[in-house]
2 protein chains.
Amino acid sequence: MRLPGGFAWGAVRAGIKASGNLDLAVALATGRDAVGACAVGAAMFTSNRVAAAPVTVGRRHLLATGGRVGAVLVNAGNANCATGAAGVAGCVATCVAAAETFGCIFDEVVPSSTGIIGVPFPAEKVVGAMAELQAAVGDTAEHAEGFARAIMTTDTRVKVASAAIRVGGGEVLIWGAAKGAGMIHPRLGAPVAPAAAHATMLVYLFTDVAAGVGELSAALAAAVEGSFNSISIDGDTSTNDTVLLLASGASGVRLTRELVGAFDGALGEVCGSLARQIVADGEGVRHVVTLEVRGAASVGDARLVAEAIARSSLCKTAWSSADPNWGRLLAAAGYSGAVFQTERVRIWIGAEAVFVDGMRAAGFDEAAAHAAMMEPEYTIAIDLGEGDGSCTFLTCDLTAEYVRINADYSS
Amino acid sequence: MRLPGGFAWGAVRAGIKASGNLDLAVALATGRDAVGACAVGAAMFTSNRVAAAPVTVGRRHLLATGGRVGAVLVNAGNANCATGAAGVAGCVATCVAAAETFGCIFDEVVPSSTGIIGVPFPAEKVVGAMAELQAAVGDTAEHAEGFARAIMTTDTRVKVASAAIRVGGGEVLIWGAAKGAGMIHPRLGAPVAPAAAHATMLVYLFTDVAAGVGELSAALAAAVEGSFNSISIDGDTSTNDTVLLLASGASGVRLTRELVGAFDGALGEVCGSLARQIVADGEGVRHVVTLEVRGAASVGDARLVAEAIARSSLCKTAWSSADPNWGRLLAAAGYSGAVFQTERVRIWIGAEAVFVDGMRAAGFDEAAAHAAMMEPEYTIAIDLGEGDGSCTFLTCDLTAEYVRINADYSS
């Protein structure tokens, strides 16, 4: 996996995770402009009205600098959400320490946190680990993977993806790292929207293209809509969801009008891969289900149907046992708020038509549908028979293991 | 338990449930007016856009007769939903058979079904059992309980409730029977709204008051709003939810203006009791949680918060292990769509304040909160600090047992 130039990564154990695993990471811009080391950053944050301290501070910093980013500081194990004024003060203290350590100005540090909500944020552990973090920084694949590993919470695997775009004599690289694996139903908006923090989706995308904030923001919004904003694990939108795209310019290639199509395509690919990895590694997940909703009166209606099914406990528990109980799909569509006539709806599980003409498909082969659902990944298609609205949405089953993971508590 | 006069009940085994248990029930109006035996009926049906055949037929019959009801015919084990024209024809055939058997006209039969969606409806089994059903009819407590038992699906207990209103020298009685226990998130509307059929909520209320359809409809709408429309087990709104209130007039007491308050109170009590019984007997439920949301900008906002929490897999799994993870409550409120400022919100679990002034309550006692959550029933209160909007909503935990019940499949 080749990494874009102009960045370095580091990760250490700061003692925030009870497990003692890597829990503090930094990504640095190493390229220099007239002012100092920086990259250009575009971000999208959760639309949850409850905002974690790092989301509040990160929005403020990106607005203040107009998108100059010197360092990204991420901890896992504590979300620094619902921690009041002390949480914000703690977050600011870690940004100050990172700015001093890594030689950028305070506002150029973008902070992120993920973990439990409401537990006082141990800023002193982050500040205390800063020298060690500095010593751990480098630009090799190992360093990048360390970054990707340190941001994990209930994730079982590191999630990374990359793409390359050849252009004239040059090349642009994109590399991204993400974490899930619960409280995943992202609804990301622009950085000025209300904010949110918990086991959260965090995504960091690095590219060596040369671009302005406006260009990056447009590319990011388009890529996020079809990827992170089109997945759900458990239906809960986190208070800390953050997607950050940083461009170093180190390739020397400008994001010109000619390049936009290829760049958007490559960014979409990286985001799509990371989004799929997040769902596949969701808490307790055994089946990844792609919902293809089409024939809706509008894209909005298609999304209503997809999201209702993706949140339906009855649909998701049926998937966990490969039960082709398509009545539950139809019922969820029925209460989604989308407009349709039942007798016009058609439903397929994999290649099997299961519902046609208002009733069970004539050739319904339950064993075949069950077999399709035994696969780790399959598609459910729903045609509402109303119009041209469509969407693709990625979700998963609800297993007893999910309940165990999230009910794990002893006091 | 005293039963209102003017009704009789019967139940038999028609071979629809695989278990061989009671699965076909009838409730009859035995009082007579100038035309024949009938009661006055008011109904509310699911707002799910997908309508079961009996919901479609039931709406049509109530509109046709203006609320005259001679018989209520209920089967469990098959929802007769998503069964196309054959499903409607089958439903009609059972109404015809019931009308012939019980001496009323076809339109005076209100049908209901509950069970699996999409499996062809075995009308012949219902029709074939009609003579036996007639022989089983009577007006004793045992007959009424047989009715309540035959309509059960995944319910583990019979659910009945009753109330009495003394008035002058007379007395009005109300008795009701209900079933759950999955696909329970009722959103009931007037009978002319779009319709819905699956494991469903069915509620039948019988009273001997003398009243017109308009009076009964108004009383029912008020009682349903604070009871069945304010509960959720799994967040899935069924395609067959039906609440039917029948008044026989057998008490000789008119539902006058003076009586309305007392009658509404008694009906609300019966509906409240049945709603609580439904949640308490929900699939896999170990804890019943009352959500008290107050201080919202509007009643609508209060309901948004309550429904988001009642649907949140993360909140509900935490409840299953009595984990006082209040951050999940706050996060769900945050994405609910309700308007509020995090720092004004206050949250209590039982009597324990857990979130105040934007952070964990100063005196937060985790052990006490955990202890409160070990009780089979407890209250979570949330004050949004915005206005006067409030609501009370009843819901439950999400357990591994729920997943097992709904993932149970072998092919």
# chains A, B, ... in the order shown; residues from 1 in each chain; ligands from 1
>>> select_by_dssp(residues="stretch 12-91 of chain A", states="alpha helix (DSSP H)", output="MDAnalysis selection string")
chainID A and resid 53:65 84:91
>>> write_last_selection(atoms="all heavy atoms", output="CSV table (one decimal), in the first residue's frame")
chain,number,residue,atom,x,y,z
A,53,ALA,N,-16.8,17.3,22.8
A,53,ALA,CA,-15.9,18.4,22.9
A,53,ALA,C,-15.0,18.5,21.7
A,53,ALA,O,-14.8,19.6,21.2
A,53,ALA,CB,-15.1,18.4,24.2
A,54,PRO,N,-14.4,17.4,21.3
A,54,PRO,CA,-13.4,17.5,20.1
A,54,PRO,C,-14.1,18.0,18.8
A,54,PRO,O,-13.5,18.6,18.0
A,54,PRO,CB,-12.8,16.1,20.0
A,54,PRO,CG,-13.8,15.2,20.7
A,54,PRO,CD,-14.4,16.1,21.8
A,55,VAL,N,-15.4,17.6,18.7
A,55,VAL,CA,-16.2,18.1,17.5
A,55,VAL,C,-16.4,19.6,17.6
A,55,VAL,O,-16.2,20.3,16.6
A,55,VAL,CB,-17.5,17.3,17.4
A,55,VAL,CG1,-18.4,17.9,16.3
A,55,VAL,CG2,-17.3,15.8,17.2
A,56,THR,N,-16.8,20.1,18.8
A,56,THR,CA,-16.9,21.5,19.0
A,56,THR,C,-15.6,22.2,18.7
A,56,THR,O,-15.6,23.2,17.9
A,56,THR,CB,-17.4,21.8,20.4
A,56,THR,OG1,-18.6,21.1,20.7
A,56,THR,CG2,-17.6,23.3,20.6
A,57,VAL,N,-14.5,21.7,19.2
A,57,VAL,CA,-13.2,22.4,19.1
A,57,VAL,C,-12.7,22.2,17.7
A,57,VAL,O,-12.2,23.2,17.1
A,57,VAL,CB,-12.2,21.8,20.1
A,57,VAL,CG1,-10.8,22.3,19.8
A,57,VAL,CG2,-12.6,22.1,21.5
A,58,GLY,N,-12.9,21.1,17.1
A,58,GLY,CA,-12.5,20.8,15.7
A,58,GLY,C,-13.2,21.8,14.7
A,58,GLY,O,-12.5,22.3,13.8
A,59,ARG,N,-14.5,21.9,14.8
A,59,ARG,CA,-15.2,22.9,14.0
A,59,ARG,C,-14.7,24.3,14.1
A,59,ARG,O,-14.4,25.0,13.1
A,59,ARG,CB,-16.7,23.0,14.4
A,59,ARG,CG,-17.6,21.8,14.2
A,59,ARG,CD,-18.9,22.0,14.9
A,59,ARG,NE,-19.6,20.8,15.1
A,59,ARG,CZ,-20.3,20.2,14.1
A,59,ARG,NH1,-20.4,20.7,12.9
A,59,ARG,NH2,-21.0,19.1,14.4
A,60,ARG,N,-14.4,24.7,15.3
A,60,ARG,CA,-14.0,26.0,15.6
A,60,ARG,C,-12.6,26.2,15.0
A,60,ARG,O,-12.4,27.3,14.3
A,60,ARG,CB,-13.9,26.2,17.1
A,60,ARG,CG,-13.8,27.6,17.7
A,60,ARG,CD,-13.3,27.5,19.1
A,60,ARG,NE,-14.3,27.0,20.0
A,60,ARG,CZ,-14.0,26.6,21.3
A,60,ARG,NH1,-12.8,26.6,21.7
A,60,ARG,NH2,-15.0,26.2,22.1
A,61,HIS,N,-11.7,25.2,15.1
A,61,HIS,CA,-10.4,25.4,14.5
A,61,HIS,C,-10.4,25.4,13.0
A,61,HIS,O,-9.7,26.3,12.4
A,61,HIS,CB,-9.5,24.2,15.0
A,61,HIS,CG,-9.1,24.3,16.4
A,61,HIS,ND1,-8.1,23.5,17.0
A,61,HIS,CD2,-9.5,25.1,17.4
A,61,HIS,CE1,-8.0,23.9,18.3
A,61,HIS,NE2,-8.8,24.8,18.5
A,62,LEU,N,-11.2,24.6,12.4
A,62,LEU,CA,-11.3,24.6,10.9
A,62,LEU,C,-11.8,25.9,10.4
A,62,LEU,O,-11.4,26.4,9.4
A,62,LEU,CB,-12.1,23.4,10.4
A,62,LEU,CG,-11.4,22.1,10.5
A,62,LEU,CD1,-12.4,20.9,10.3
A,62,LEU,CD2,-10.2,22.0,9.5
A,63,LEU,N,-12.8,26.5,11.2
A,63,LEU,CA,-13.4,27.8,10.8
A,63,LEU,C,-12.3,28.9,10.9
A,63,LEU,O,-12.1,29.8,10.1
A,63,LEU,CB,-14.6,28.1,11.6
A,63,LEU,CG,-15.9,27.4,11.2
A,63,LEU,CD1,-17.0,27.7,12.2
A,63,LEU,CD2,-16.3,27.7,9.8
A,64,ALA,N,-11.6,28.8,12.0
A,64,ALA,CA,-10.6,29.8,12.4
A,64,ALA,C,-9.4,29.9,11.3
A,64,ALA,O,-8.9,30.9,10.9
A,64,ALA,CB,-10.0,29.6,13.8
A,65,THR,N,-9.0,28.7,10.9
A,65,THR,CA,-7.8,28.6,10.0
A,65,THR,C,-8.2,28.6,8.6
A,65,THR,O,-7.4,28.7,7.7
A,65,THR,CB,-7.0,27.3,10.3
A,65,THR,OG1,-7.8,26.2,9.9
A,65,THR,CG2,-6.5,27.2,11.7
A,84,GLY,N,-19.1,18.5,29.7
A,84,GLY,CA,-19.2,19.8,30.1
A,84,GLY,C,-18.0,20.7,29.8
A,84,GLY,O,-17.2,20.4,28.8
A,85,ALA,N,-17.9,21.8,30.5
A,85,ALA,CA,-16.8,22.8,30.2
A,85,ALA,C,-15.4,22.1,30.5
A,85,ALA,O,-14.5,22.4,29.8
A,85,ALA,CB,-17.0,24.0,31.1
A,86,ALA,N,-15.4,21.2,31.4
A,86,ALA,CA,-14.1,20.5,31.7
A,86,ALA,C,-13.6,19.7,30.5
A,86,ALA,O,-12.4,19.6,30.2
A,86,ALA,CB,-14.3,19.6,32.9
A,87,GLY,N,-14.6,19.2,29.8
A,87,GLY,CA,-14.2,18.4,28.6
A,87,GLY,C,-13.6,19.2,27.5
A,87,GLY,O,-12.7,18.9,26.9
A,88,VAL,N,-14.3,20.4,27.3
A,88,VAL,CA,-13.7,21.3,26.3
A,88,VAL,C,-12.3,21.8,26.7
A,88,VAL,O,-11.4,21.8,25.9
A,88,VAL,CB,-14.7,22.5,26.1
A,88,VAL,CG1,-14.1,23.6,25.2
A,88,VAL,CG2,-16.0,22.0,25.5
A,89,ALA,N,-12.2,22.2,28.0
A,89,ALA,CA,-10.9,22.6,28.5
A,89,ALA,C,-9.8,21.6,28.3
A,89,ALA,O,-8.7,21.9,27.9
A,89,ALA,CB,-11.0,23.0,30.0
A,90,GLY,N,-10.2,20.3,28.6
A,90,GLY,CA,-9.3,19.2,28.4
A,90,GLY,C,-8.9,19.0,27.0
A,90,GLY,O,-7.7,18.8,26.7
A,91,CYS,N,-9.8,19.1,26.1
A,91,CYS,CA,-9.6,19.0,24.7
A,91,CYS,C,-8.6,20.1,24.2
A,91,CYS,O,-7.6,19.9,23.5
A,91,CYS,CB,-10.9,19.0,23.9
A,91,CYS,SG,-10.7,18.9,22.1
>>> interface_residues(of="chain B", to="chain A", cutoff="6 Å", atoms="only C-alpha atoms", output="list in words")
Asn48, Arg49, Val50, Ala82, Thr83, Gly84, Ile117, Gly118, Thr317, Ala318, Ser321, Asp323, Gly327, Gly334, Tyr335, Thr342, Gly358, Met359, Arg360, Ala400, Val403, Asn406, Ala407 and Tyr409 of chain B
>>> residues_around(residues="stretch 263-278 of chain A", least_positions_apart="5", cutoff="6 Å", atoms="only C-alpha atoms", output="PyMOL selection string")
chain A and resi 161-163+180+219+223+227-228
>>> residues_around(residues="B:Asp383", least_positions_apart="6", cutoff="8 Å", atoms="only C-alpha atoms", output="CSV table (one decimal) with C-alpha atoms, in the first residue's frame")
chain,number,residue,atom,x,y,z
B,293,VAL,CA,-39.8,13.2,28.7
B,294,ARG,CA,-40.6,16.7,29.8
B,295,GLY,CA,-39.4,20.3,29.2
B,296,ALA,CA,-39.6,19.8,25.4
B,345,VAL,CA,-30.7,18.7,29.6
B,346,ARG,CA,-31.2,16.7,32.8
B,347,ILE,CA,-31.5,12.9,33.0
>>> residues_around(residues="A:Ala71", least_positions_apart="5", cutoff="8 Å", atoms="only C-alpha atoms", output="PyMOL selection string")
chain A and resi 26-29+38+98-99+102+104+108-110
>>> closest_residue(among="A:Met44, A:Ala164, A:Ala97, A:Val288", to="A:Asp208", atoms="only C-alpha atoms")
A:Ala164
>>> atom_distance(atom1="atom CA of A:Val137", atom2="atom CA of A:Ala25")
9.3 Å
>>> residues_around(residues="B:Arg254", least_positions_apart="4", cutoff="9 Å", atoms="only C-alpha atoms", output="list in words")
Val209, Ala210, Ala211, Gly249 and Leu259 of chain B
>>> select_by_dssp(residues="stretch 112-216 of chain A", states="strand (DSSP E or B)", output="count of residues only")
34
>>> residues_around(residues="B:Ile16", least_positions_apart="6", cutoff="9 Å", atoms="only C-alpha atoms", output="PyMOL selection string")
chain B and resi 22-24+75-78+122+125-126
>>> closest_residue(among="A:Ile165, A:Met374, A:Ala52, A:Leu220", to="A:His287", atoms="only C-alpha atoms")
A:Met374
